[in-house]
>>> print(open('protein28.pdb').read())   # PDB, C-alpha atoms and all ligand atoms
ATOM      1  CA  MET V  19     108.146  95.458  38.414
ATOM      2  CA  PHE V  20     106.948  92.179  39.907
ATOM      3  CA  GLN V  21     108.404  93.197  43.242
ATOM      4  CA  ALA V  22     106.680  96.558  43.014
ATOM      5  CA  VAL V  23     103.380  94.836  42.395
ATOM      6  CA  ALA V  24     104.013  92.485  45.306
ATOM      7  CA  TRP V  25     104.759  95.392  47.653
ATOM      8  CA  VAL V  26     101.625  97.220  46.543
ATOM      9  CA  ARG V  27      99.459  94.117  46.895
ATOM     10  CA  ARG V  28     100.743  93.607  50.394
ATOM     11  CA  GLY V  29      99.538  97.056  51.310
ATOM     12  CA  LEU V  30     102.952  98.507  52.031
ATOM     13  CA  PHE V  31     102.429 101.731  50.120
ATOM     14  CA  HIS V  32     100.076 104.393  51.351
ATOM     15  CA  PHE V  33      99.283 106.315  48.198
ATOM     16  CA  ARG V  34      97.657 109.687  48.329
ATOM     17  CA  ALA V  35      94.169 109.676  46.811
ATOM     18  CA  GLY V  36      94.152 110.328  43.087
ATOM     19  CA  LEU V  37      97.810 109.546  42.470
ATOM     20  CA  SER V  38      98.721 106.778  40.104
ATOM     21  CA  VAL V  39     100.750 103.808  41.374
ATOM     22  CA  ARG V  40     104.389 104.675  40.732
ATOM     23  CA  MET V  41     107.647 103.658  42.400
ATOM     24  CA  ASN V  42     108.888 107.020  43.516
ATOM     25  CA  SER V  43     109.486 108.426  46.933
ATOM     26  CA  THR V  44     107.012 111.278  46.591
ATOM     27  CA  ALA V  45     104.267 108.669  46.276
ATOM     28  CA  ILE V  46     105.310 106.880  49.458
ATOM     29  CA  ASP V  47     104.323 107.928  52.924
ATOM     30  CA  ARG V  48     107.735 107.508  54.583
ATOM     31  CA  LYS V  49     106.185 106.941  58.006
ATOM     32  CA  GLY V  50     105.645 103.220  58.394
ATOM     33  CA  VAL V  51     107.436 102.458  55.134
ATOM     34  CA  LEU V  52     108.294  99.008  56.518
ATOM     35  CA  ALA V  53     104.928  98.481  58.235
ATOM     36  CA  ASN V  54     103.985  94.864  58.905
ATOM     37  CA  ARG V  55     107.316  93.591  57.619
ATOM     38  CA  VAL V  56     109.504  91.311  59.735
ATOM     39  CA  ALA V  57     113.222  91.974  60.180
ATOM     40  CA  VAL V  58     115.842  89.685  61.722
ATOM     41  CA  ILE V  59     119.135  91.275  62.752
ATOM     42  CA  THR V  60     122.143  89.406  64.126
ATOM     43  CA  GLY V  61     124.509  91.011  66.627
ATOM     44  CA  SER V  62     121.868  93.581  67.421
ATOM     45  CA  THR V  63     122.034  94.241  71.157
ATOM     46  CA  GLU V  64     124.465  97.148  70.827
ATOM     47  CA  GLY V  65     126.402  99.261  68.373
ATOM     48  CA  ILE V  66     125.481  99.266  64.689
ATOM     49  CA  GLY V  67     123.108  96.281  64.954
ATOM     50  CA  PHE V  68     121.123  97.898  67.764
ATOM     51  CA  ALA V  69     120.782 101.165  65.825
ATOM     52  CA  ILE V  70     119.559  99.184  62.797
ATOM     53  CA  ALA V  71     117.029  97.321  64.977
ATOM     54  CA  ARG V  72     115.700 100.586  66.385
ATOM     55  CA  ARG V  73     115.460 102.253  62.953
ATOM     56  CA  LEU V  74     113.695  99.355  61.220
ATOM     57  CA  ALA V  75     111.227  99.124  64.121
ATOM     58  CA  GLN V  76     110.664 102.914  63.995
ATOM     59  CA  ASP V  77     109.909 102.480  60.307
ATOM     60  CA  GLY V  78     107.176 100.008  61.198
ATOM     61  CA  ALA V  79     108.824  96.579  61.036
ATOM     62  CA  HIS V  80     108.509  93.850  63.659
ATOM     63  CA  VAL V  81     112.106  93.209  64.685
ATOM     64  CA  VAL V  82     113.828  90.109  66.058
ATOM     65  CA  ILE V  83     116.950  91.066  67.997
ATOM     66  CA  SER V  84     119.731  88.605  68.844
ATOM     67  CA  SER V  85     123.253  88.245  70.202
ATOM     68  CA  ARG V  86     125.318  85.769  72.264
ATOM     69  CA  LYS V  87     124.328  86.892  75.763
ATOM     70  CA  GLN V  88     120.847  86.581  77.242
ATOM     71  CA  GLN V  89     121.312  89.628  79.485
ATOM     72  CA  ASN V  90     122.201  91.770  76.461
ATOM     73  CA  VAL V  91     119.172  90.491  74.546
ATOM     74  CA  ASP V  92     116.894  91.218  77.531
ATOM     75  CA  ARG V  93     118.313  94.721  77.935
ATOM     76  CA  ALA V  94     118.023  95.614  74.240
ATOM     77  CA  VAL V  95     114.487  94.220  73.900
ATOM     78  CA  ALA V  96     113.341  96.059  77.046
ATOM     79  CA  ALA V  97     114.880  99.338  75.831
ATOM     80  CA  LEU V  98     113.162  99.229  72.436
ATOM     81  CA  GLN V  99     109.847  97.933  73.786
ATOM     82  CA  GLY V 100     110.030 100.845  76.239
ATOM     83  CA  GLU V 101     110.052 103.133  73.189
ATOM     84  CA  GLY V 102     106.821 101.516  72.005
ATOM     85  CA  LEU V 103     108.515  99.491  69.249
ATOM     86  CA  SER V 104     107.568  95.968  68.140
ATOM     87  CA  VAL V 105     110.589  93.926  69.139
ATOM     88  CA  THR V 106     111.316  90.434  70.394
ATOM     89  CA  GLY V 107     114.612  88.654  70.913
ATOM     90  CA  THR V 108     116.559  85.476  71.464
ATOM     91  CA  VAL V 109     120.113  84.360  72.110
ATOM     92  CA  CYS V 110     121.966  83.520  68.903
ATOM     93  CA  HIS V 111     125.708  83.063  68.586
ATOM     94  CA  VAL V 112     125.775  83.034  64.790
ATOM     95  CA  GLY V 113     128.641  80.536  64.710
ATOM     96  CA  LYS V 114     126.582  77.882  66.554
ATOM     97  CA  ALA V 115     124.176  75.720  64.537
ATOM     98  CA  GLU V 116     121.822  75.144  67.500
ATOM     99  CA  ASP V 117     121.599  78.904  68.127
ATOM    100  CA  ARG V 118     120.798  79.597  64.476
ATOM    101  CA  GLU V 119     118.043  76.980  64.705
ATOM    102  CA  ARG V 120     116.675  78.693  67.818
ATOM    103  CA  LEU V 121     116.624  82.015  65.982
ATOM    104  CA  VAL V 122     114.696  80.482  63.074
ATOM    105  CA  ALA V 123     112.231  78.888  65.538
ATOM    106  CA  THR V 124     111.729  82.245  67.303
ATOM    107  CA  VAL V 125     110.993  84.010  64.016
ATOM    108  CA  LEU V 126     108.477  81.345  62.982
ATOM    109  CA  GLU V 127     106.822  81.226  66.378
ATOM    110  CA  HIS V 128     106.263  84.994  66.516
ATOM    111  CA  TYR V 129     105.743  85.976  62.894
ATOM    112  CA  GLY V 130     105.596  82.869  60.683
ATOM    113  CA  GLY V 131     108.239  84.227  58.296
ATOM    114  CA  LEU V 132     110.452  87.206  57.513
ATOM    115  CA  ASP V 133     111.124  89.868  54.893
ATOM    116  CA  PHE V 134     114.534  91.252  55.892
ATOM    117  CA  LEU V 135     117.712  89.657  57.216
ATOM    118  CA  VAL V 136     120.609  91.837  58.365
ATOM    119  CA  CYS V 137     123.773  89.797  59.042
ATOM    120  CA  ASN V 138     125.598  92.253  61.253
ATOM    121  CA  ALA V 139     127.445  90.044  63.790
ATOM    122  CA  GLY V 140     131.188  90.105  63.210
ATOM    123  CA  VAL V 141     134.317  89.420  65.256
ATOM    124  CA  ASN V 142     138.002  90.161  65.257
ATOM    125  CA  PRO V 143     139.927  88.135  67.850
ATOM    126  CA  LEU V 144     143.385  89.034  66.441
ATOM    127  CA  VAL V 145     145.608  92.096  66.304
ATOM    128  CA  GLY V 146     148.885  90.948  64.791
ATOM    129  CA  SER V 147     150.617  89.210  61.954
ATOM    130  CA  THR V 148     148.458  87.433  59.391
ATOM    131  CA  LEU V 149     150.944  84.629  58.932
ATOM    132  CA  LYS V 150     151.214  84.072  62.672
ATOM    133  CA  ALA V 151     147.439  83.742  63.100
ATOM    134  CA  SER V 152     146.529  80.336  64.528
ATOM    135  CA  GLU V 153     144.165  77.942  62.783
ATOM    136  CA  GLU V 154     141.708  78.571  65.625
ATOM    137  CA  VAL V 155     141.722  82.326  64.910
ATOM    138  CA  TRP V 156     141.208  81.767  61.166
ATOM    139  CA  ASP V 157     138.354  79.327  61.852
ATOM    140  CA  LYS V 158     136.613  81.696  64.264
ATOM    141  CA  ILE V 159     136.829  84.735  61.969
ATOM    142  CA  LEU V 160     135.781  82.884  58.841
ATOM    143  CA  SER V 161     133.034  80.973  60.646
ATOM    144  CA  VAL V 162     131.384  83.997  62.300
ATOM    145  CA  ASN V 163     132.034  86.641  59.633
ATOM    146  CA  VAL V 164     131.673  84.706  56.390
ATOM    147  CA  LYS V 165     130.109  81.267  56.837
ATOM    148  CA  SER V 166     127.396  82.157  59.332
ATOM    149  CA  PRO V 167     125.543  84.695  57.115
ATOM    150  CA  ALA V 168     125.301  82.056  54.357
ATOM    151  CA  LEU V 169     124.259  79.282  56.753
ATOM    152  CA  LEU V 170     121.684  81.419  58.556
ATOM    153  CA  LEU V 171     120.236  82.661  55.280
ATOM    154  CA  SER V 172     119.959  79.106  53.962
ATOM    155  CA  GLN V 173     117.903  78.200  57.052
ATOM    156  CA  LEU V 174     115.696  81.282  56.799
ATOM    157  CA  LEU V 175     115.305  81.353  53.021
ATOM    158  CA  PRO V 176     112.244  79.060  52.770
ATOM    159  CA  HIS V 177     110.453  81.391  55.201
ATOM    160  CA  MET V 178     111.434  84.452  53.182
ATOM    161  CA  GLU V 179     110.889  83.299  49.612
ATOM    162  CA  ASN V 180     107.290  82.263  50.187
ATOM    163  CA  ARG V 181     106.488  85.947  50.922
ATOM    164  CA  GLY V 182     107.261  86.967  47.330
ATOM    165  CA  MET V 183     110.110  89.402  48.060
ATOM    166  CA  GLY V 184     112.896  90.018  50.499
ATOM    167  CA  SER V 185     115.988  92.030  51.268
ATOM    168  CA  VAL V 186     119.215  90.713  52.765
ATOM    169  CA  ILE V 187     121.944  93.036  53.991
ATOM    170  CA  LEU V 188     125.416  91.737  54.792
ATOM    171  CA  VAL V 189     127.884  93.865  56.764
ATOM    172  CA  SER V 190     131.446  94.285  55.517
ATOM    173  CA  SER V 191     133.952  97.042  56.399
ATOM    174  CA  VAL V 192     136.160  99.599  54.623
ATOM    175  CA  ALA V 193     138.924  97.239  55.743
ATOM    176  CA  ALA V 194     137.749  95.143  52.788
ATOM    177  CA  TYR V 195     139.010  97.869  50.422
ATOM    178  CA  ILE V 196     141.787  99.387  52.529
ATOM    179  CA  PRO V 197     143.438  96.582  54.499
ATOM    180  CA  GLN V 198     144.256  97.654  58.047
ATOM    181  CA  VAL V 199     147.684  96.737  59.392
ATOM    182  CA  LYS V 200     147.588  93.888  61.956
ATOM    183  CA  LEU V 201     143.983  92.975  61.098
ATOM    184  CA  GLY V 202     144.805  90.580  58.247
ATOM    185  CA  PRO V 203     142.276  87.760  58.705
ATOM    186  CA  TYR V 204     139.532  90.303  59.551
ATOM    187  CA  ASN V 205     140.339  92.352  56.409
ATOM    188  CA  ILE V 206     140.176  89.177  54.334
ATOM    189  CA  SER V 207     136.884  88.046  55.889
ATOM    190  CA  LYS V 208     135.322  91.420  55.086
ATOM    191  CA  THR V 209     136.562  91.236  51.478
ATOM    192  CA  ALA V 210     134.974  87.794  51.239
ATOM    193  CA  ILE V 211     131.641  89.321  52.281
ATOM    194  CA  LEU V 212     131.743  91.546  49.187
ATOM    195  CA  GLY V 213     132.056  88.377  47.093
ATOM    196  CA  LEU V 214     129.310  86.662  49.066
ATOM    197  CA  THR V 215     127.030  89.632  48.395
ATOM    198  CA  ARG V 216     127.565  89.486  44.637
ATOM    199  CA  THR V 217     127.190  85.703  44.470
ATOM    200  CA  LEU V 218     124.040  85.568  46.599
ATOM    201  CA  SER V 219     122.501  88.497  44.720
ATOM    202  CA  LEU V 220     122.757  86.452  41.520
ATOM    203  CA  GLU V 221     121.470  83.240  43.073
ATOM    204  CA  LEU V 222     118.510  84.864  44.809
ATOM    205  CA  ALA V 223     117.418  87.359  42.130
ATOM    206  CA  PRO V 224     115.033  84.844  40.507
ATOM    207  CA  LYS V 225     113.292  84.480  43.878
ATOM    208  CA  GLY V 226     112.738  88.248  44.149
ATOM    209  CA  ILE V 227     115.238  88.541  46.996
ATOM    210  CA  ARG V 228     117.804  91.347  46.863
ATOM    211  CA  VAL V 229     121.201  91.066  48.561
ATOM    212  CA  ASN V 230     123.251  94.178  49.307
ATOM    213  CA  CYS V 231     126.141  95.065  51.561
ATOM    214  CA  LEU V 232     126.642  97.796  54.159
ATOM    215  CA  VAL V 233     130.303  98.823  54.327
ATOM    216  CA  PRO V 234     130.914 100.879  57.479
ATOM    217  CA  GLY V 235     133.910 103.162  57.880
ATOM    218  CA  ILE V 236     134.957 104.007  61.429
ATOM    219  CA  ILE V 237     131.797 104.081  63.515
ATOM    220  CA  LYS V 238     131.716 104.904  67.222
ATOM    221  CA  THR V 239     131.058 101.580  68.989
ATOM    222  CA  ASN V 240     132.835  99.374  71.525
ATOM    223  CA  PHE V 241     134.185  97.280  68.654
ATOM    224  CA  SER V 242     136.117 100.194  67.149
ATOM    225  CA  LYS V 243     137.257 101.752  70.451
ATOM    226  CA  VAL V 244     140.876 100.677  69.949
ATOM    227  CA  ILE V 245     140.902 102.615  66.690
ATOM    228  CA  HIS V 246     138.942 105.772  67.394
ATOM    229  CA  GLN V 247     140.413 106.183  70.877
ATOM    230  CA  ASP V 248     143.943 105.907  69.503
ATOM    231  CA  GLU V 249     144.529 109.608  68.855
ATOM    232  CA  LEU V 250     147.523 109.141  66.574
ATOM    233  CA  TYR V 251     145.781 106.559  64.387
ATOM    234  CA  TRP V 252     142.489 108.444  64.234
ATOM    235  CA  ASN V 253     144.106 111.795  63.415
ATOM    236  CA  ASN V 254     146.173 110.184  60.648
ATOM    237  CA  PHE V 255     143.104 108.451  59.268
ATOM    238  CA  LYS V 256     141.096 111.691  59.287
ATOM    239  CA  ARG V 257     143.885 113.623  57.590
ATOM    240  CA  GLN V 258     144.526 110.976  54.951
ATOM    241  CA  HIS V 259     140.877 110.543  53.956
ATOM    242  CA  GLN V 260     139.587 114.033  54.863
ATOM    243  CA  VAL V 261     137.038 112.463  57.199
ATOM    244  CA  GLN V 262     135.359 115.266  59.172
ATOM    245  CA  ARG V 263     133.822 113.357  62.083
ATOM    246  CA  LEU V 264     133.464 109.970  63.711
ATOM    247  CA  GLY V 265     130.544 107.966  62.307
ATOM    248  CA  GLN V 266     127.584 107.084  64.518
ATOM    249  CA  PRO V 267     125.682 103.767  64.421
ATOM    250  CA  GLU V 268     122.631 105.734  63.212
ATOM    251  CA  ASP V 269     124.575 106.720  60.070
ATOM    252  CA  CYS V 270     124.483 103.018  59.150
ATOM    253  CA  ALA V 271     120.886 102.393  60.239
ATOM    254  CA  GLY V 272     119.358 104.799  57.708
ATOM    255  CA  ILE V 273     120.995 103.124  54.740
ATOM    256  CA  VAL V 274     119.801  99.696  55.891
ATOM    257  CA  SER V 275     116.258 101.023  56.159
ATOM    258  CA  PHE V 276     116.600 102.376  52.615
ATOM    259  CA  LEU V 277     117.912  99.024  51.320
ATOM    260  CA  CYS V 278     114.866  97.301  52.831
ATOM    261  CA  SER V 279     112.433  99.864  51.440
ATOM    262  CA  PRO V 280     110.598  99.934  48.091
ATOM    263  CA  ASP V 281     112.858 102.833  47.028
ATOM    264  CA  ALA V 282     115.662 100.238  46.740
ATOM    265  CA  SER V 283     113.592  97.630  44.909
ATOM    266  CA  TYR V 284     115.843  97.850  41.818
ATOM    267  CA  ILE V 285     119.125  97.682  43.767
ATOM    268  CA  THR V 286     120.903  94.372  44.346
ATOM    269  CA  GLY V 287     124.487  93.121  44.601
ATOM    270  CA  GLU V 288     125.696  96.592  45.670
ATOM    271  CA  ASN V 289     128.157  97.623  48.381
ATOM    272  CA  ILE V 290     127.452 100.968  50.041
ATOM    273  CA  VAL V 291     130.197 102.650  52.047
ATOM    274  CA  VAL V 292     129.103 104.689  55.072
ATOM    275  CA  GLY V 293     132.383 106.201  56.177
ATOM    276  CA  GLY V 294     132.564 109.932  55.527
ATOM    277  CA  PHE V 295     134.888 109.292  52.570
ATOM    278  CA  SER V 296     134.964 107.278  49.378
ATOM    279  CA  SER V 297     137.159 104.215  49.480
ATOM    280  CA  ARG V 298     137.021 103.202  45.800
ATOM    281  CA  LEU V 299     136.277 104.382  42.284
TER     282      LEU V 299
HETATM  283  P1  LIG V 301     129.697  96.143  68.731
HETATM  284  O1  LIG V 301     129.284  97.509  69.096
HETATM  285  O2  LIG V 301     130.818  95.491  69.459
HETATM  286  O3  LIG V 301     128.401  95.202  68.782
HETATM  287  C1  LIG V 301     128.514  93.872  68.419
HETATM  288  C2  LIG V 301     127.183  93.182  68.620
HETATM  289  O4  LIG V 301     127.283  91.857  68.105
HETATM  290  C3  LIG V 301     126.785  93.046  70.061
HETATM  291  O5  LIG V 301     125.380  93.092  70.141
HETATM  292  C4  LIG V 301     127.301  91.649  70.437
HETATM  293  O6  LIG V 301     126.528  91.175  71.553
HETATM  294  C5  LIG V 301     127.046  90.901  69.134
HETATM  295  N1  LIG V 301     127.924  89.762  68.817
HETATM  296  C6  LIG V 301     129.260  89.663  68.897
HETATM  297  N2  LIG V 301     129.685  88.465  68.476
HETATM  298  C7  LIG V 301     128.575  87.770  68.105
HETATM  299  C8  LIG V 301     128.347  86.474  67.583
HETATM  300  N3  LIG V 301     129.339  85.595  67.379
HETATM  301  N4  LIG V 301     127.073  86.098  67.307
HETATM  302  C9  LIG V 301     126.053  86.957  67.509
HETATM  303  N5  LIG V 301     126.196  88.189  68.019
HETATM  304  C10 LIG V 301     127.452  88.595  68.306
HETATM  305  O7  LIG V 301     130.134  96.065  67.168
HETATM  306  P2  LIG V 301     129.820  97.060  65.942
HETATM  307  O8  LIG V 301     130.917  98.052  65.853
HETATM  308  O9  LIG V 301     128.429  97.520  66.027
HETATM  309  O10 LIG V 301     130.043  96.058  64.708
HETATM  310  C11 LIG V 301     128.966  95.478  64.019
HETATM  311  C12 LIG V 301     129.442  95.029  62.654
HETATM  312  O11 LIG V 301     129.970  96.142  61.934
HETATM  313  C13 LIG V 301     130.553  93.979  62.653
HETATM  314  O12 LIG V 301     130.319  93.040  61.626
HETATM  315  C14 LIG V 301     131.805  94.784  62.340
HETATM  316  O13 LIG V 301     132.794  93.996  61.701
HETATM  317  C15 LIG V 301     131.240  95.826  61.411
HETATM  318  N6  LIG V 301     132.045  97.051  61.328
HETATM  319  C16 LIG V 301     132.152  97.904  62.374
HETATM  320  C17 LIG V 301     132.903  99.054  62.238
HETATM  321  C18 LIG V 301     133.052 100.072  63.345
HETATM  322  O14 LIG V 301     133.847 101.027  63.176
HETATM  323  N7  LIG V 301     132.359  99.947  64.467
HETATM  324  C19 LIG V 301     133.560  99.323  61.033
HETATM  325  C20 LIG V 301     133.434  98.421  59.986
HETATM  326  C21 LIG V 301     132.656  97.288  60.132
HETATM  327  P3  LIG V 301     126.979  89.912  72.484
HETATM  328  O15 LIG V 301     128.268  90.308  73.131
HETATM  329  O16 LIG V 301     125.842  89.727  73.435
HETATM  330  O17 LIG V 301     127.117  88.766  71.543
END
>>> encode(input="protein28.pdb", output="structure tokens")
Amino acid sequence: MFQAVAWVRRGLFHFRAGLSVRMNSTAIDRKGVLANRVAVITGSTEGIGFAIARRLAQDGAHVVISSRKQQNVDRAVAALQGEGLSVTGTVCHVGKAEDRERLVATVLEHYGGLDFLVCNAGVNPLVGSTLKASEEVWDKILSVNVKSPALLLSQLLPHMENRGMGSVILVSSVAAYIPQVKLGPYNISKTAILGLTRTLSLELAPKGIRVNCLVPGIIKTNFSKVIHQDELYWNNFKRQHQVQRLGQPEDCAGIVSFLCSPDASYITGENIVVGGFSSRL
């Protein structure tokens, strides 16, 4: 209720004349549903992160794009600005403290705060035995996939909580529920993100900040090429789970927009699978 009032006060809703103020989608003009909000998305110069950046900007948000490589940031920002969207960007390797600080500084410099954080950057440097994974591999996976969302959020939180509401979306994987052979440390890191989501949702609820988790299935990006281009694996996967098509990054972007929107204002601590099949009860 308090969040609803905050959203209304901030002019987010565009109610039709004569209608009473109610939290339902018929009362909301979907166009510009995120107008004047600020969204920060990590790992957003291609793939799922880029599609999320485009969708949130199309829905009216000012978007801060980031990834490790300057040329990728420049290309992504130019592409979305070319579509008339409000986008800026900076380099941020989420595992590097100085890069996270630069991202925070960029957000403050351009917008003075933020409403949405999407922690999308994730890595998998290992295909092989879990017990043969080196300490370096474990450190890299856990640092980028699990620690960095918490550390980045802790740096951004003061600039989110003073706006009265907020939505954080972490990105896991169906590998969290259905461990994939030879991807042990990655599977485990993505399971940890489910726990991080639940824990942070509890800790941040009193501040009016919701924390939810996007759980992609197999989505067509460079990251998943080894899987969806392996005909044997992909055909087995499709048959086993009755998946009818390969997912597209845009399939994930819509659900993130929803989780940021007022329609999701009573949803927190949830994991939502976008995979063309259900991976749990
Ligand atoms: P992608 O197409 O390979 O894109 C990855 C993006 O992240 C790029 O913009 C990349 O740009 C950036 N990036 C990589 N490492 C980074 C780091 N350490 N710090 C900041 N940015 C970084 O990958 P994707 O398939 O969209 O995957 C996005 C997320 O979805 C990941 O968390 C992944 O685990 C998860 N996921 C994907 C699938 C799938 O089937 N595709 C399934 C389940 C879960 P730079 O190279 O410039 O850094």
>>> closest_atom_pairs(input="protein28.pdb", of="chain V", to="ligand LIG 301 (chain V)", cutoff="6 Å", atoms="all atoms listed in the file", output="tab-separated table")
residue	atom	partner	partner_atom	distance
V:Thr60	CA	V:LIG301	C9	5.7
V:Gly61	CA	V:LIG301	O4	3.3
V:Ser62	CA	V:LIG301	O5	4.5
V:Thr63	CA	V:LIG301	O5	3.7
V:Glu64	CA	V:LIG301	O5	4.2
V:Gly65	CA	V:LIG301	O1	3.4
V:Ile66	CA	V:LIG301	O9	3.7
V:Gly67	CA	V:LIG301	O9	5.6
V:Ser85	CA	V:LIG301	N5	3.7
V:Arg86	CA	V:LIG301	O17	3.6
V:Lys87	CA	V:LIG301	O16	4.0
V:Asn90	CA	V:LIG301	O16	5.2
V:Cys110	CA	V:LIG301	C9	5.5
V:His111	CA	V:LIG301	N4	3.6
V:Val112	CA	V:LIG301	N4	4.2
V:Gly113	CA	V:LIG301	N3	5.8
V:Asn138	CA	V:LIG301	O12	4.8
V:Ala139	CA	V:LIG301	O12	4.7
V:Gly140	CA	V:LIG301	O12	3.4
V:Val141	CA	V:LIG301	N2	5.7
V:Val162	CA	V:LIG301	N3	5.7
V:Val189	CA	V:LIG301	O12	5.5
V:Ser190	CA	V:LIG301	C21	5.6
V:Ser191	CA	V:LIG301	C20	3.9
V:Pro234	CA	V:LIG301	C20	4.3
V:Gly235	CA	V:LIG301	C19	5.0
V:Ile236	CA	V:LIG301	O14	3.6
V:Ile237	CA	V:LIG301	O14	3.7
V:Lys238	CA	V:LIG301	N7	5.7
V:Thr239	CA	V:LIG301	O1	4.4
V:Asn240	CA	V:LIG301	O1	4.7
V:Phe241	CA	V:LIG301	O2	3.9
V:Ser242	CA	V:LIG301	N7	4.6
>>> closest_residue(input="protein28.pdb", among="V:Ser283, V:Ser161, V:Asn54, V:Ser104", to="Ala75 (chain V)", atoms="all atoms listed in the file")
V:Ser104
>>> resolve_selection(input="protein28.pdb", expression="the PyMOL selection byres (((chain V and resi 284-293) around 8) and not hetatm)", output="ChimeraX atom specification")
/V:192,212,215-220,228-237,261,265,269-270,277,281-283,294-297
>>> atom_distance(input="protein28.pdb", atom1="CA of Asn254 (chain V)", atom2="CA of Val155 (chain V)")
28.5 Å
>>> residues_near_point(input="protein28.pdb", point="(116.4, 82.3, 46.2)", cutoff="12 Å", atoms="only C-alpha atoms", output="list in words")
Leu171, Ser172, Gln173, Leu174, Leu175, Pro176, His177, Met178, Glu179, Asn180, Arg181, Gly182, Met183, Gly184, Ser185, Val186, Thr217, Leu218, Ser219, Leu220, Glu221, Leu222, Ala223, Pro224, Lys225, Gly226, Ile227, Arg228 and Val229 of chain V
>>> closest_residue(input="protein28.pdb", among="V:Leu188, V:Gln266, V:Leu126, V:Leu299", to="Ser166 (chain V)", atoms="all atoms listed in the file")
V:Leu188
>>> resolve_selection(input="protein28.pdb", expression="the PyMOL selection byres (((chain V and resi 58) around 6) and not hetatm)", output="number ranges by chain")
V: 57, 59, 81-82, 135
>>> atom_distance(input="protein28.pdb", atom1="CA of Leu264 (chain V)", atom2="CA of Ala193 (chain V)")
16.0 Å
>>> residues_around(input="protein28.pdb", residues="Val91 (chain V)", least_positions_apart="6", cutoff="8 Å", atoms="all atoms listed in the file", output="number ranges by chain")
V: 63, 83-85, 107-109
>>> atom_distance(input="protein28.pdb", atom1="CA of Val56 (chain V)", atom2="CA of Thr106 (chain V)")
10.8 Å
>>> closest_residue(input="protein28.pdb", among="V:Pro267, V:Pro280, V:Pro167, V:Pro197", to="Ala115 (chain V)", atoms="all atoms listed in the file")
V:Pro167
>>> residues_around(input="protein28.pdb", residues="Arg55 (chain V)", least_positions_apart="3", cutoff="9 Å", atoms="all atoms listed in the file", output="PyMOL selection string")
chain V and resi 30+52+78-81+132-134
>>> closest_residue(input="protein28.pdb", among="V:Asp92, V:Asp77, V:Glu101, V:Glu249", to="Ser275 (chain V)", atoms="only C-alpha atoms")
V:Asp77
